[in-house]
Each structure stands twice: as C-alpha cells, then as structure tokens.
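Enquirer: Input structure: start30.tsv, which contains TSV, C-alpha atoms.
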chain	number	residue	atom	x	y	z
A	1	MET	CA	-2.98	-12.67	12.02
A	2	GLN	CA	-0.27	-11.97	14.54
A	3	LYS	CA	0.33	-8.67	16.26
A	4	LYS	CA	3.83	-8.51	14.74
A	5	GLN	CA	2.37	-8.73	11.22
A	6	ILE	CA	-0.12	-5.95	11.94
A	7	ILE	CA	2.61	-3.67	13.32
A	8	ARG	CA	4.82	-4.39	10.29
A	9	ILE	CA	2.02	-3.56	7.82
A	10	VAL	CA	1.08	-0.32	9.56
A	11	THR	CA	4.74	0.70	9.89
A	12	CYS	CA	5.47	0.01	6.21
A	13	SER	CA	2.33	1.90	5.16
A	14	THR	CA	3.40	4.87	7.22
A	15	ALA	CA	6.97	4.71	5.90
A	16	ALA	CA	5.67	4.60	2.31
A	17	LEU	CA	4.17	8.05	2.87
A	18	ILE	CA	7.63	9.57	3.35
A	19	ILE	CA	7.96	9.95	-0.44
A	20	PRO	CA	4.77	12.04	-0.85
A	21	ILE	CA	5.63	14.06	2.26
A	22	LEU	CA	9.04	14.92	0.79
A	23	GLY	CA	7.37	15.64	-2.54
A	24	GLN	CA	4.96	17.97	-0.79
A	25	LEU	CA	7.88	19.85	0.75
A	26	PHE	CA	10.23	20.09	-2.24
A	27	VAL	CA	8.11	19.88	-5.42
A	28	ASP	CA	6.14	22.98	-6.39
A	29	ARG	CA	3.13	21.31	-8.01
A	30	TRP	CA	2.72	18.47	-5.54
A	31	ASN	CA	-0.56	19.40	-3.91
A	32	TRP	CA	-1.79	16.65	-1.62
A	33	GLY	CA	-4.19	17.61	1.10
A	34	PRO	CA	-4.71	15.74	4.35
A	35	GLY	CA	-7.46	13.65	2.74
A	36	GLU	CA	-5.10	12.27	0.11
A	37	PHE	CA	-2.55	11.26	2.74
A	38	ILE	CA	-5.23	9.52	4.80
A	39	PHE	CA	-6.61	7.77	1.72
A	40	ALA	CA	-3.14	6.59	0.64
A	41	TRP	CA	-2.36	5.29	4.13
A	42	VAL	CA	-5.65	3.40	4.37
A	43	PHE	CA	-5.19	2.06	0.83
A	44	PHE	CA	-1.66	0.83	1.61
A	45	ASN	CA	-2.92	-0.85	4.79
A	46	ILE	CA	-5.80	-2.58	3.00
A	47	LEU	CA	-3.43	-3.97	0.38
A	48	GLY	CA	-0.94	-5.08	3.03
A	49	PHE	CA	-3.61	-6.84	5.05
A	50	THR	CA	-5.03	-8.44	1.90
A	51	TYR	CA	-1.63	-9.80	0.90
A	52	THR	CA	-0.97	-11.08	4.41
A	53	PHE	CA	-4.40	-12.70	4.67
A	54	VAL	CA	-4.04	-14.43	1.31
A	55	THR	CA	-0.45	-15.59	1.81
A	56	ASN	CA	-1.17	-17.00	5.27
A	57	LYS	CA	-3.41	-19.51	3.49
A	58	ILE	CA	-0.78	-20.42	0.86
A	59	ALA	CA	2.05	-22.81	1.69
A	60	HIS	CA	4.11	-22.68	-1.52
A	61	ARG	CA	6.59	-19.89	-2.19
A	62	GLY	CA	5.52	-19.62	-5.84
A	63	GLY	CA	1.94	-19.05	-4.75
A	64	LYS	CA	3.04	-16.27	-2.43
A	65	ILE	CA	4.99	-14.63	-5.25
A	66	ALA	CA	1.98	-14.90	-7.56
A	67	ALA	CA	-0.26	-13.41	-4.87
A	68	GLY	CA	2.19	-10.53	-4.45
A	69	ILE	CA	2.21	-9.85	-8.17
A	70	ILE	CA	-1.60	-9.90	-8.27
A	71	VAL	CA	-1.90	-7.56	-5.28
A	72	VAL	CA	0.62	-5.12	-6.80
A	73	ALA	CA	-1.21	-5.26	-10.15
A	74	ILE	CA	-4.54	-4.53	-8.46
A	75	PHE	CA	-2.92	-1.69	-6.50
A	76	ALA	CA	-1.44	-0.19	-9.69
A	77	PHE	CA	-4.73	-0.52	-11.57
A	78	ILE	CA	-6.80	1.17	-8.85
A	79	TRP	CA	-4.18	3.89	-8.23
A	80	ILE	CA	-3.97	4.72	-11.96
A	81	MET	CA	-7.74	4.76	-12.35
A	82	LEU	CA	-8.11	7.11	-9.39
A	83	ALA	CA	-5.26	9.35	-10.56
A	84	THR	CA	-6.71	9.82	-14.03
A	85	GLY	CA	-10.13	10.67	-12.69
As structure tokens, how would this structure be written, given the file I've shared?
Expert:
Amino acid sequence: MQKKQIIRIVTCSTAALIIPILGQLFVDRWNWGPGEFIFAWVFFNILGFTYTFVTNKIAHRGGKIAAGIIVVAIFAFIWIMLATG
C-alpha cells in the first residue's frame, strides 16, 4: 500500500466525520460523545483499508465495483446492528 493511499483513506475518514460534527452542533438530540467519534473514525479507516487491500489484488473494474458494493453492504450491516443495540 502506498503512502498516498493511506493519506487519502485517513483524510476521507476524517472528512466523513464532518456530518456528525455538524449534527452535534445543530441537532438537539444528536448526542455523540468522544468515544463514538473515535469509533466511527476507526471504523471508516478499517473499511477504507479493507477496500484498498482487496482492490489492489483485483485487476478488473467489475471486480472492484463488486468489492465496493460488498464493503459498503458490510459497513451498513455492522452500523445498523450497532445502532439498534
């Protein structure tokens, strides 16, 4: 994995947290603590690194798209299961 890929994943994971930060500021019942932000950031990074690791091994574009769909589906499943307790 190249340094540029690592920086891109970490930057995108950090940028994805802008939405919950704005929600925390402007929505009354949005109650994330520091632990939730750290968990979300780590979770986003793990999924980004997983996608990058898998797609570096795949040469075909269709395979990369399929891997992206699978990673997003796994992300959604885990996030929903954690959110519903």
Enquirer: Work out how far CA of Leu17 in chain A is from CA of Ala40 in chain A, in Å to one decimal.
Expert: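 CA of Leu17 in chain A lies 7.8 Å from CA of Ala40 in chain A.
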Enquirer: Give, as JSON, the centre coordinates and the x, y and z edge lengths in Å to one decimal for an axis-aligned box around all listed atoms of range 7-19 of chain A, padded by 6 Å on each side.
Expert:
{"center_x": 4.5, "center_y": 2.8, "center_z": 6.4, "size_x": 18.9, "size_y": 26.3, "size_z": 25.8}
Enquirer: What separation in Å, quoted to one decimal, exists between CA of Val42 in chain A and CA of Trp79 in chain A?
Expert: 12.7 Å
Enquirer: Give me the residues near Val10 in chain A as a PyMOL selection string, where near means some atom within 10 Å (using all atoms listed in the file) and where sequence neighbours in that chain fewer than 3 positions away do not count.
Expert: chain A and resi 5-7+13-16+41-42+44-46+48-49
Enquirer: Could the residues in this selection be saved with C-alpha atoms as an mmCIF file, in the coordinates of the input?
Expert:
data_model
loop_
_atom_site.group_PDB
_atom_site.id
_atom_site.type_symbol
_atom_site.label_atom_id
_atom_site.label_comp_id
_atom_site.auth_asym_id
_atom_site.auth_seq_id
_atom_site.Cartn_x
_atom_site.Cartn_y
_atom_site.Cartn_z
ATOM 1 C CA GLN A 5 2.370 -8.730 11.220
ATOM 2 C CA ILE A 6 -0.120 -5.950 11.940
ATOM 3 C CA ILE A 7 2.610 -3.670 13.320
ATOM 4 C CA SER A 13 2.330 1.900 5.160
ATOM 5 C CA THR A 14 3.400 4.870 7.220
ATOM 6 C CA ALA A 15 6.970 4.710 5.900
ATOM 7 C CA ALA A 16 5.670 4.600 2.310
ATOM 8 C CA TRP A 41 -2.360 5.290 4.130
ATOM 9 C CA VAL A 42 -5.650 3.400 4.370
ATOM 10 C CA PHE A 44 -1.660 0.830 1.610
ATOM 11 C CA ASN A 45 -2.920 -0.850 4.790
ATOM 12 C CA ILE A 46 -5.800 -2.580 3.000
ATOM 13 C CA GLY A 48 -0.940 -5.080 3.030
ATOM 14 C CA PHE A 49 -3.610 -6.840 5.050
#
Enquirer: I'd like the interatomic distance between CA of Ile69 in chain A and CA of Asn56 in chain A, to a tenth of an Å.
Expert: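 Atom-to-atom, CA of Ile69 in chain A and CA of Asn56 in chain A are spaced 15.6 Å apart.
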